[in-house]
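Q: If it helps, the file is called input23.txt and holds compact mmCIF, C-alpha atoms:
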# COMPACT_ATOMS: atom_id res chain seq x y z
CA MET L 1 22.07 -155.71 -68.42
CA ALA L 2 20.69 -154.25 -71.67
CA ASN L 3 22.81 -154.14 -74.82
CA ARG L 4 22.61 -150.86 -76.75
CA ILE L 5 22.83 -150.43 -80.52
CA MET L 6 23.22 -146.96 -82.04
CA LEU L 7 23.23 -146.35 -85.81
CA ASN L 8 22.58 -143.45 -88.19
CA GLU L 9 19.04 -142.18 -88.64
CA THR L 10 19.52 -142.78 -92.37
CA SER L 11 22.24 -144.25 -94.57
CA TYR L 12 22.58 -144.48 -98.34
CA HIS L 13 24.73 -147.13 -100.02
CA GLY L 14 25.93 -147.65 -103.57
CA ALA L 15 27.34 -145.79 -106.56
CA GLY L 16 25.77 -142.36 -106.98
CA ALA L 17 24.56 -142.16 -103.39
CA VAL L 18 26.32 -138.80 -103.02
CA LYS L 19 23.40 -137.15 -104.86
CA GLU L 20 21.21 -137.87 -101.84
CA ILE L 21 23.00 -135.16 -99.83
CA ALA L 22 20.72 -132.61 -101.48
CA THR L 23 17.66 -134.77 -100.83
CA GLU L 24 18.43 -134.93 -97.12
CA ALA L 25 19.44 -131.27 -96.76
CA LYS L 26 16.15 -130.15 -98.32
CA ALA L 27 14.03 -132.63 -96.37
CA ARG L 28 15.54 -131.41 -93.12
CA ALA L 29 15.24 -127.73 -94.12
CA PHE L 30 18.95 -127.11 -93.67
CA GLN L 31 20.08 -123.69 -94.87
CA LYS L 32 23.87 -123.70 -95.14
CA ALA L 33 26.49 -126.46 -94.99
CA PHE L 34 29.84 -126.25 -93.23
CA ILE L 35 31.96 -128.66 -95.26
CA CYS L 36 34.85 -130.27 -93.37
CA SER L 37 37.35 -131.75 -95.81
CA ASP L 38 41.12 -132.05 -95.86
CA PRO L 39 43.35 -130.06 -98.26
CA ASP L 40 44.35 -133.06 -100.42
CA LEU L 41 40.73 -134.00 -101.13
CA ILE L 42 40.06 -130.43 -102.19
CA LYS L 43 43.23 -130.34 -104.31
CA PHE L 44 42.40 -133.55 -106.17
CA GLY L 45 38.77 -132.69 -106.81
CA VAL L 46 37.16 -135.25 -104.50
CA THR L 47 35.39 -132.64 -102.37
CA LYS L 48 34.10 -131.07 -105.60
CA LYS L 49 31.89 -134.14 -106.13
CA VAL L 50 29.96 -132.98 -103.06
CA THR L 51 29.98 -129.26 -103.77
CA ASP L 52 28.76 -129.97 -107.31
CA VAL L 53 25.68 -131.64 -105.83
CA LEU L 54 25.04 -128.64 -103.58
CA ASP L 55 25.69 -126.17 -106.40
CA SER L 56 23.28 -127.95 -108.73
CA GLU L 57 20.51 -127.60 -106.15
CA GLY L 58 21.36 -124.03 -105.16
CA LEU L 59 22.36 -125.02 -101.63
CA ALA L 60 24.74 -122.72 -99.76
CA TYR L 61 27.98 -123.92 -98.17
CA GLU L 62 31.35 -122.91 -96.79
CA ILE L 63 34.48 -125.11 -96.80
CA TYR L 64 36.75 -125.66 -93.81
CA SER L 65 40.03 -127.45 -94.56
CA ASP L 66 42.34 -126.78 -91.61
CA ILE L 67 42.51 -130.52 -90.95
CA LYS L 68 45.59 -132.69 -90.48
CA ALA L 69 45.85 -136.43 -91.08
CA ASN L 70 45.82 -136.84 -87.30
CA PRO L 71 43.52 -133.92 -86.38
CA THR L 72 44.70 -131.76 -83.52
CA ILE L 73 43.08 -129.76 -80.74
CA GLU L 74 43.98 -126.62 -82.69
CA ASN L 75 42.25 -127.93 -85.85
CA VAL L 76 39.08 -128.44 -83.81
CA GLN L 77 39.19 -125.07 -82.04
CA ASN L 78 39.83 -123.23 -85.30
CA GLY L 79 36.93 -125.15 -86.82
CA VAL L 80 34.58 -124.17 -84.01
CA ALA L 81 35.41 -120.50 -84.60
CA ALA L 82 34.97 -120.89 -88.35
CA PHE L 83 31.61 -122.64 -87.93
CA LYS L 84 30.29 -119.88 -85.68
CA ALA L 85 31.39 -117.23 -88.17
CA SER L 86 29.91 -119.07 -91.16
CA GLY L 87 26.24 -118.96 -90.29
CA ALA L 88 25.96 -122.65 -91.15
CA ASP L 89 23.40 -124.90 -89.50
CA TYR L 90 24.74 -128.35 -90.46
CA ILE L 91 28.03 -130.04 -91.27
CA VAL L 92 28.97 -132.16 -94.27
CA ALA L 93 32.07 -134.21 -93.42
CA VAL L 94 33.90 -135.30 -96.57
CA GLY L 95 36.93 -137.53 -96.14
CA GLY L 96 38.38 -140.26 -94.03
CA GLY L 97 38.57 -140.45 -90.28
CA SER L 98 40.45 -137.15 -89.98
CA SER L 99 37.70 -135.06 -91.58
CA MET L 100 34.92 -136.88 -89.78
CA ASP L 101 36.64 -136.83 -86.39
CA THR L 102 37.23 -133.08 -86.76
CA ALA L 103 33.62 -132.55 -87.79
CA LYS L 104 32.32 -134.52 -84.81
CA ALA L 105 34.43 -132.56 -82.33
CA ILE L 106 33.39 -129.24 -83.90
CA GLY L 107 29.74 -130.24 -83.87
CA ILE L 108 29.87 -131.39 -80.24
CA ILE L 109 31.59 -128.22 -78.99
CA VAL L 110 29.28 -125.85 -80.89
CA ALA L 111 26.33 -127.55 -79.19
CA ASN L 112 28.14 -127.99 -75.85
CA PRO L 113 30.49 -124.98 -75.51
CA GLU L 114 31.55 -125.95 -71.98
CA PHE L 115 33.88 -128.48 -73.68
CA GLU L 116 35.70 -125.89 -75.80
CA ASP L 117 39.08 -126.92 -74.33
CA VAL L 118 38.63 -130.20 -76.33
CA ARG L 119 40.68 -132.26 -73.85
CA SER L 120 37.68 -132.57 -71.54
CA LEU L 121 35.92 -134.60 -74.24
CA GLU L 122 38.25 -137.55 -73.69
CA GLY L 123 36.58 -140.82 -72.79
CA VAL L 124 32.83 -140.70 -72.27
CA ALA L 125 32.17 -136.99 -71.82
CA PRO L 126 28.93 -135.89 -70.13
CA THR L 127 27.67 -133.77 -73.01
CA LYS L 128 24.02 -132.76 -72.78
CA LYS L 129 23.05 -131.89 -76.35
CA PRO L 130 23.35 -133.67 -79.72
CA CYS L 131 26.03 -132.21 -81.94
CA VAL L 132 25.31 -130.02 -84.94
CA PRO L 133 23.66 -132.33 -87.54
CA ILE L 134 26.31 -134.10 -89.61
CA ILE L 135 26.00 -135.68 -93.05
CA ALA L 136 29.05 -137.94 -93.33
CA VAL L 137 30.53 -138.81 -96.72
CA PRO L 138 33.48 -141.23 -96.38
CA THR L 139 36.20 -141.18 -99.02
CA THR L 140 38.14 -144.08 -97.50
CA ALA L 141 36.93 -147.61 -96.83
CA GLY L 142 38.17 -148.17 -93.33
CA THR L 143 37.39 -145.88 -90.42
CA ALA L 144 33.58 -146.27 -90.49
CA ALA L 145 33.49 -142.94 -88.64
CA GLU L 146 30.25 -142.22 -90.49
CA VAL L 147 28.44 -144.81 -88.32
CA THR L 148 30.31 -144.65 -85.02
CA ILE L 149 30.03 -142.69 -81.79
CA ASN L 150 33.82 -142.42 -81.55
CA TYR L 151 36.39 -139.88 -82.65
CA VAL L 152 40.10 -139.42 -82.00
CA ILE L 153 41.96 -136.15 -81.51
CA THR L 154 45.73 -135.62 -81.22
CA ASP L 155 47.15 -133.64 -78.32
CA VAL L 156 50.37 -132.39 -79.91
CA GLU L 157 51.64 -130.82 -76.70
CA ARG L 158 51.39 -134.10 -74.76
CA LYS L 159 52.28 -136.37 -77.70
CA ARG L 160 49.18 -138.50 -77.37
CA LYS L 161 45.92 -139.27 -79.08
CA PHE L 162 42.76 -139.41 -77.03
CA VAL L 163 39.59 -141.27 -77.86
CA CYS L 164 36.20 -139.63 -77.34
CA VAL L 165 33.08 -141.78 -77.07
CA ASP L 166 29.82 -139.85 -77.27
CA PRO L 167 26.36 -140.97 -78.45
CA HIS L 168 25.68 -137.31 -79.22
CA ASP L 169 28.20 -137.27 -82.10
CA MET L 170 26.57 -139.87 -84.38
CA PRO L 171 26.10 -138.44 -87.92
CA VAL L 172 22.40 -138.22 -88.74
CA VAL L 173 23.05 -139.33 -92.33
CA ALA L 174 25.78 -141.50 -93.85
CA ILE L 175 26.45 -141.44 -97.60
CA VAL L 176 28.48 -144.57 -98.39
CA ASP L 177 29.26 -144.17 -102.08
CA PRO L 178 32.11 -146.32 -103.47
CA ASP L 179 32.61 -143.77 -106.26
CA MET L 180 33.77 -141.32 -103.59
CA MET L 181 36.48 -143.84 -102.65
CA SER L 182 37.75 -144.65 -106.14
CA SER L 183 40.59 -142.11 -106.08
CA MET L 184 42.31 -143.65 -103.06
CA PRO L 185 45.89 -144.70 -103.90
CA LYS L 186 46.95 -148.30 -103.25
CA GLY L 187 48.74 -147.59 -99.98
CA LEU L 188 45.80 -145.73 -98.46
CA THR L 189 43.35 -148.36 -99.70
CA ALA L 190 45.44 -151.08 -98.03
CA ALA L 191 45.90 -149.20 -94.76
CA THR L 192 42.28 -148.16 -94.33
CA GLY L 193 41.13 -151.64 -95.33
CA MET L 194 43.27 -153.24 -92.64
CA ASP L 195 41.91 -150.71 -90.16
CA ALA L 196 38.44 -151.98 -91.06
CA LEU L 197 39.52 -155.60 -90.57
CA THR L 198 40.99 -154.67 -87.20
CA HIS L 199 37.66 -153.08 -86.23
CA ALA L 200 35.83 -156.26 -87.18
CA ILE L 201 38.18 -158.69 -85.41
CA GLU L 202 38.64 -156.61 -82.27
CA GLY L 203 34.92 -155.90 -82.13
CA TYR L 204 34.18 -159.62 -82.47
CA THR L 205 36.53 -160.58 -79.63
CA THR L 206 36.03 -157.63 -77.26
CA LYS L 207 34.65 -158.22 -73.79
CA ALA L 208 31.34 -156.50 -74.60
CA ALA L 209 30.64 -158.49 -77.81
CA TRP L 210 27.21 -160.10 -78.09
CA GLU L 211 25.07 -161.92 -80.63
CA MET L 212 23.99 -158.97 -82.77
CA THR L 213 27.44 -157.39 -82.99
CA ASP L 214 28.99 -160.83 -83.65
CA MET L 215 26.71 -161.05 -86.68
CA PHE L 216 27.93 -157.69 -87.98
CA HIS L 217 31.58 -158.43 -87.33
CA LEU L 218 31.70 -161.88 -88.92
CA LYS L 219 29.99 -160.59 -92.05
CA ALA L 220 32.41 -157.67 -92.15
CA ILE L 221 35.42 -160.01 -91.84
CA GLU L 222 34.06 -162.12 -94.70
CA ILE L 223 33.42 -159.16 -97.03
CA ILE L 224 36.70 -157.38 -96.24
CA SER L 225 38.73 -160.58 -96.69
CA LYS L 226 37.16 -161.16 -100.11
CA SER L 227 37.36 -157.53 -101.23
CA LEU L 228 40.53 -155.86 -99.99
CA ARG L 229 42.99 -157.31 -102.47
CA GLY L 230 40.68 -156.33 -105.33
CA ALA L 231 40.16 -152.86 -103.90
CA VAL L 232 43.93 -152.32 -103.73
CA ALA L 233 44.05 -153.33 -107.41
CA ASN L 234 41.31 -150.71 -107.99
CA GLU L 235 38.75 -153.26 -109.17
CA LYS L 236 35.14 -152.10 -108.94
CA GLU L 237 33.92 -155.23 -107.16
CA GLY L 238 36.62 -154.82 -104.52
CA ARG L 239 35.83 -151.12 -104.02
CA ASP L 240 32.11 -151.86 -103.66
CA GLY L 241 32.77 -154.67 -101.20
CA MET L 242 35.09 -152.58 -99.02
CA ALA L 243 32.60 -149.69 -98.89
CA LEU L 244 30.00 -152.05 -97.46
CA GLY L 245 32.30 -154.20 -95.32
CA GLN L 246 33.88 -151.32 -93.45
CA TYR L 247 30.45 -149.82 -92.71
CA ILE L 248 29.15 -153.11 -91.32
CA ALA L 249 32.23 -153.35 -89.09
CA GLY L 250 31.42 -149.87 -87.81
CA MET L 251 27.85 -150.91 -87.02
CA GLY L 252 29.33 -153.41 -84.61
CA PHE L 253 32.45 -152.03 -82.96
CA SER L 254 30.97 -148.60 -82.27
CA ASN L 255 28.57 -150.31 -79.90
CA VAL L 256 30.94 -152.72 -78.11
CA GLY L 257 34.41 -151.18 -78.30
CA LEU L 258 37.81 -152.40 -79.47
CA GLY L 259 41.05 -153.61 -77.89
CA ILE L 260 44.78 -153.08 -77.54
CA ALA L 261 45.62 -153.29 -81.24
CA HIS L 262 43.82 -149.98 -81.49
CA SER L 263 45.18 -148.50 -78.27
CA MET L 264 48.71 -149.33 -79.45
CA ALA L 265 48.02 -147.95 -82.93
CA HIS L 266 46.77 -144.68 -81.46
CA THR L 267 50.02 -144.35 -79.53
CA LEU L 268 52.18 -145.05 -82.58
CA GLY L 269 50.24 -142.43 -84.52
CA ALA L 270 50.65 -139.82 -81.81
CA VAL L 271 54.40 -140.37 -81.28
CA TYR L 272 55.63 -141.21 -84.79
CA ASP L 273 52.72 -140.01 -86.97
CA THR L 274 52.36 -143.59 -88.21
CA PRO L 275 49.27 -143.89 -90.45
CA HIS L 276 46.54 -145.40 -88.30
CA GLY L 277 45.68 -148.28 -90.61
CA VAL L 278 49.33 -149.26 -91.01
CA ALA L 279 49.80 -149.30 -87.24
CA CYS L 280 46.64 -151.39 -86.79
CA ALA L 281 47.76 -153.87 -89.44
CA MET L 282 51.18 -154.27 -87.83
CA MET L 283 49.72 -154.84 -84.38
CA LEU L 284 46.70 -157.00 -85.24
CA PRO L 285 48.36 -160.44 -85.75
CA ILE L 286 50.61 -159.85 -82.74
CA VAL L 287 47.67 -158.90 -80.54
CA MET L 288 45.60 -161.81 -81.86
CA GLU L 289 48.35 -164.22 -80.78
CA TYR L 290 48.49 -162.56 -77.35
CA ASN L 291 44.69 -162.77 -76.92
CA ALA L 292 44.17 -166.26 -78.35
CA GLU L 293 43.76 -168.10 -75.06
CA CYS L 294 40.88 -165.79 -74.06
CA THR L 295 38.81 -166.05 -77.24
CA GLY L 296 37.11 -169.44 -76.95
CA GLU L 297 36.13 -170.76 -80.38
CA LYS L 298 35.99 -167.35 -82.04
CA TYR L 299 39.21 -167.74 -84.04
CA ARG L 300 37.67 -170.74 -85.80
CA GLU L 301 34.88 -168.48 -87.05
CA ILE L 302 37.37 -165.77 -88.01
CA ALA L 303 39.36 -168.31 -90.03
CA ARG L 304 36.16 -169.58 -91.66
CA ALA L 305 35.05 -166.02 -92.54
CA MET L 306 38.46 -165.39 -94.10
CA GLY L 307 38.05 -168.39 -96.38
CA VAL L 308 40.26 -170.92 -94.59
CA LYS L 309 39.18 -174.47 -95.54
CA GLY L 310 38.76 -177.40 -93.18
CA VAL L 311 38.47 -175.43 -89.95
CA ASP L 312 35.98 -177.89 -88.43
CA SER L 313 38.59 -180.66 -88.45
CA MET L 314 41.28 -178.47 -86.88
CA SER L 315 42.34 -178.48 -83.24
CA VAL L 316 41.97 -175.32 -81.19
CA GLU L 317 45.66 -174.54 -81.68
CA GLU L 318 45.41 -175.14 -85.42
CA TYR L 319 42.41 -172.91 -86.09
CA ARG L 320 43.79 -170.16 -83.92
CA LYS L 321 47.04 -170.24 -85.88
CA ALA L 322 45.08 -170.39 -89.15
CA ALA L 323 43.15 -167.23 -88.27
CA ILE L 324 46.29 -165.32 -87.32
CA ASP L 325 48.13 -166.54 -90.43
CA ALA L 326 45.24 -165.49 -92.68
CA VAL L 327 45.29 -161.97 -91.22
CA GLN L 328 49.06 -161.73 -91.56
CA GLN L 329 48.96 -162.96 -95.17
CA LEU L 330 46.28 -160.47 -96.17
CA SER L 331 48.31 -157.65 -94.64
CA ILE L 332 51.44 -158.74 -96.51
CA ASP L 333 49.53 -159.23 -99.78
CA VAL L 334 48.31 -155.62 -99.73
CA GLY L 335 51.77 -154.27 -98.99
CA ILE L 336 51.71 -153.42 -95.27
CA PRO L 337 55.16 -153.59 -93.61
CA THR L 338 55.64 -155.81 -90.56
CA LYS L 339 58.23 -153.62 -88.83
CA LEU L 340 58.31 -149.97 -87.77
CA GLU L 341 61.86 -148.67 -87.88
CA ALA L 342 60.91 -145.44 -86.11
CA ILE L 343 60.42 -147.14 -82.73
CA LYS L 344 63.20 -146.46 -80.24
CA GLU L 345 64.03 -148.53 -77.17
CA GLU L 346 63.90 -145.43 -74.99
CA ASP L 347 60.31 -144.73 -76.11
CA LEU L 348 58.90 -148.11 -75.09
CA GLN L 349 57.88 -147.15 -71.56
CA PHE L 350 55.98 -144.06 -72.75
CA LEU L 351 54.40 -145.99 -75.62
CA ALA L 352 53.23 -148.75 -73.30
CA GLU L 353 51.90 -146.38 -70.65
CA SER L 354 50.00 -144.37 -73.27
CA ALA L 355 48.49 -147.49 -74.81
CA HIS L 356 47.53 -148.79 -71.38
CA ALA L 357 45.68 -145.53 -70.63
CA ASP L 358 43.89 -145.47 -73.98
CA ALA L 359 40.08 -145.78 -73.95
CA CYS L 360 40.19 -148.84 -76.23
CA ALA L 361 42.38 -150.93 -73.91
CA PRO L 362 39.73 -152.03 -71.36
CA GLY L 363 37.75 -153.85 -74.05
CA ASN L 364 40.58 -156.23 -74.86
CA PRO L 365 39.63 -159.86 -74.09
CA LYS L 366 42.87 -160.33 -72.13
CA ASP L 367 43.94 -157.71 -69.60
CA ALA L 368 47.30 -156.28 -70.65
CA SER L 369 49.78 -154.72 -68.25
CA VAL L 370 52.23 -151.98 -69.18
CA GLU L 371 54.98 -154.62 -69.27
CA ASP L 372 52.88 -156.81 -71.59
CA LEU L 373 52.40 -153.88 -73.94
CA LYS L 374 56.13 -153.11 -73.97
CA GLU L 375 56.83 -156.68 -75.07
CA LEU L 376 54.19 -156.45 -77.83
CA PHE L 377 55.64 -153.19 -79.13
CA LYS L 378 59.06 -154.88 -79.31
CA LYS L 379 57.69 -157.39 -81.82
CA ILE L 380 57.45 -154.70 -84.52
CA MET L 381 60.90 -153.22 -83.87
Would you mind writing the structure in this file as structure tokens?

A:
Amino acid sequence: MANRIMLNETSYHGAGAVKEIATEAKARAFQKAFICSDPDLIKFGVTKKVTDVLDSEGLAYEIYSDIKANPTIENVQNGVAAFKASGADYIVAVGGGSSMDTAKAIGIIVANPEFEDVRSLEGVAPTKKPCVPIIAVPTTAGTAAEVTINYVITDVERKRKFVCVDPHDMPVVAIVDPDMMSSMPKGLTAATGMDALTHAIEGYTTKAAWEMTDMFHLKAIEIISKSLRGAVANEKEGRDGMALGQYIAGMGFSNVGLGIAHSMAHTLGAVYDTPHGVACAMMLPIVMEYNAECTGEKYREIARAMGVKGVDSMSVEEYRKAAIDAVQQLSIDVGIPTKLEAIKEEDLQFLAESAHADACAPGNPKDASVEDLKELFKKIM
């Protein structure tokens, strides 16, 4: 069996990288940008950092901002109509996962209109054409949506999120500029950073993991562990580290999948609107404990990457506990709660069934039943 790796055609990294949007737009002879960005980023002037670049080079654009934190089918369908009316020929996605997920779905449907219902994109959809070209500009250090073939849409009517996996949605260019992330408040920095750590750890332990993705994931765990506390404190070194670490995690997990920490987080987001990174952070140590027996020696390397000393002299039980404890401590240090008061006993069956059906669940190193998932959800009640 061949292992596949998919990445951007081009990516730019480092402070000031946002200026390269104009370079790429001109080189590719693009005529007009359709900018997908959420209302808060527009309100606080973050999106303006991109439009200023386009304005300075005389490049045309139109802004679309009908995007929720957990983007909905309606957000996507409205965006498709707006794109068609705009006369644009490429998309610039400015924001976190919500903006980029919306942009990917819009771009896919414009190129493949037979999927205009949006729901039919769930899972691995048989699209035939690459999406409208996307230049992705992340403003959070966590989702890595700029370098993944995944996106998540919320079905409000059915109270569920669904994951779409499509090689045709990969942004052609990623602009990973830590200056675009500097305005993130502490809570968002912490949540998106723990999402990135969850990507790295789940990607490292997933059933499809292999040597190349292990290399990406271990380096991502190391960088994120060293950088997240500083990023939450708004230190430049921490911001720079998180910009790189989250991207490297995306290079890996996009190609091998995730696990039940993510499937459970998707469900919590759909039912209670729990911020995705917060839900991931709550579930990650619990899921790591559940999976431990199926991970071989990998928790030793996780502990080592997180800076735990003396792992080579530890027993299997000791280094597994050390890895879980290190993750839990990092989450606590950056202010993530360990309990979700919104969860109700009567919701557990639906939560567990939704998580079990989620596209991320099959990658988990240990097969989890609906009953197993109910018990795991109870641990954050």

Q: Write out as a PyMOL selection string each polymer residue whose atoms come within 7 Å of Ala60 of chain L, counting all atoms listed in the file; drop sequence neighbours fewer than 6 positions from it.

A: chain L and resi 31-33

Q: Could you tell me how far atom CA of Ala281 of chain L sits from atom CA of Leu197 of chain L, in Å to one decimal place?

A: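 Here the two named atoms are 8.5 Å from each other.
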
Q: Here's a test: counting all atoms listed in the file, identify every protein, DNA and RNA residue with an atom at most 9 Å from (57.2, -155.4, -84.4) in the file's coordinate frame, and state them as a VMD selection string.

A: chain L and resid 282 to 283 286 338 to 341 376 to 381

Q: In Å to one decimal, how far is atom CA of Asp66 of chain L from atom CA of Val271 of chain L?

A: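 Spanning atom CA of Val271 of chain L to atom CA of Asp66 of chain L is a straight-line distance of 20.9 Å.
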
Q: If we count all atoms listed in the file, what is near His199 of chain L at a cut-off of 7 Å, once residues fewer than 5 positions away on the same chain are taken out, given as a ChimeraX atom specification?

A: /L:249,253,258

Q: Which one is closest to Leu228 of chain L: L:Ser331, L:Thr267, L:Asn150, L:Thr143? Count all atoms listed in the file.

A: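 Answer, going by the shortest atom-to-atom distance: L:Ser331.
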
Q: Atom CA of Met288 of chain L and atom CA of Lys207 of chain L are how many Å apart?

A: 14.1 Å

Q: From the set L:Glu293, L:Glu9, L:Asp367, L:Asp333, which residue has the shortest atom-to-atom contact distance to Met194 of chain L, counting all atoms listed in the file?

A: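 Smallest distance to Met194 of chain L is found for L:Asp333.
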
Q: Produce the centre coordinates and the three edge lengths, each in Å to one decimal, of the box along x, y and z that contains all listed atoms of segment 319-332 of chain L with 3 Å added on each side, as AutoDock Vina command-line options.

A:
--center_x 46.9 --center_y -165.3 --center_z -90.2 --size_x 15.0 --size_y 21.3 --size_z 18.6

Q: I'd like a table as CSV: residues in segment 164-250 of chain L with an atom no more than 10 Å from segment 17-30 of chain L, each row giving the shortest atom pair and its distance in Å to one decimal, all atoms listed in the file counted, sorted by chain and rising residue number.

A:
residue,atom,partner,partner_atom,distance
L:Val172,CA,L:Glu24,CA,9.8
L:Val173,CA,L:Glu24,CA,8.0
L:Ala174,CA,L:Ile21,CA,9.1
L:Ile175,CA,L:Val18,CA,6.0
L:Val176,CA,L:Ala17,CA,6.8
L:Asp177,CA,L:Ala17,CA,5.3
L:Pro178,CA,L:Ala17,CA,8.6
L:Asp179,CA,L:Val18,CA,8.6
L:Met180,CA,L:Val18,CA,7.9

Q: Which one is closest to Tyr319 of chain L: L:Pro275, L:Gly79, L:Gly296, L:Gly107? Count all atoms listed in the file.

A: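 Under the stated criterion, the closest residue is L:Gly296.
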
Q: Which is closest to Ala200 of chain L among L:Lys344, L:Ala231, L:Met306, L:Asp101, if we use all atoms listed in the file?

A: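 Of L:Lys344, L:Ala231, L:Met306, L:Asp101, the one nearest Ala200 of chain L is L:Met306, counting all atoms listed in the file.
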
Q: Using only C-alpha atoms, which of L:Ala103, L:Ile134, L:Val308, L:Val165 sits nearest Ser120 of chain L?

A: L:Val165
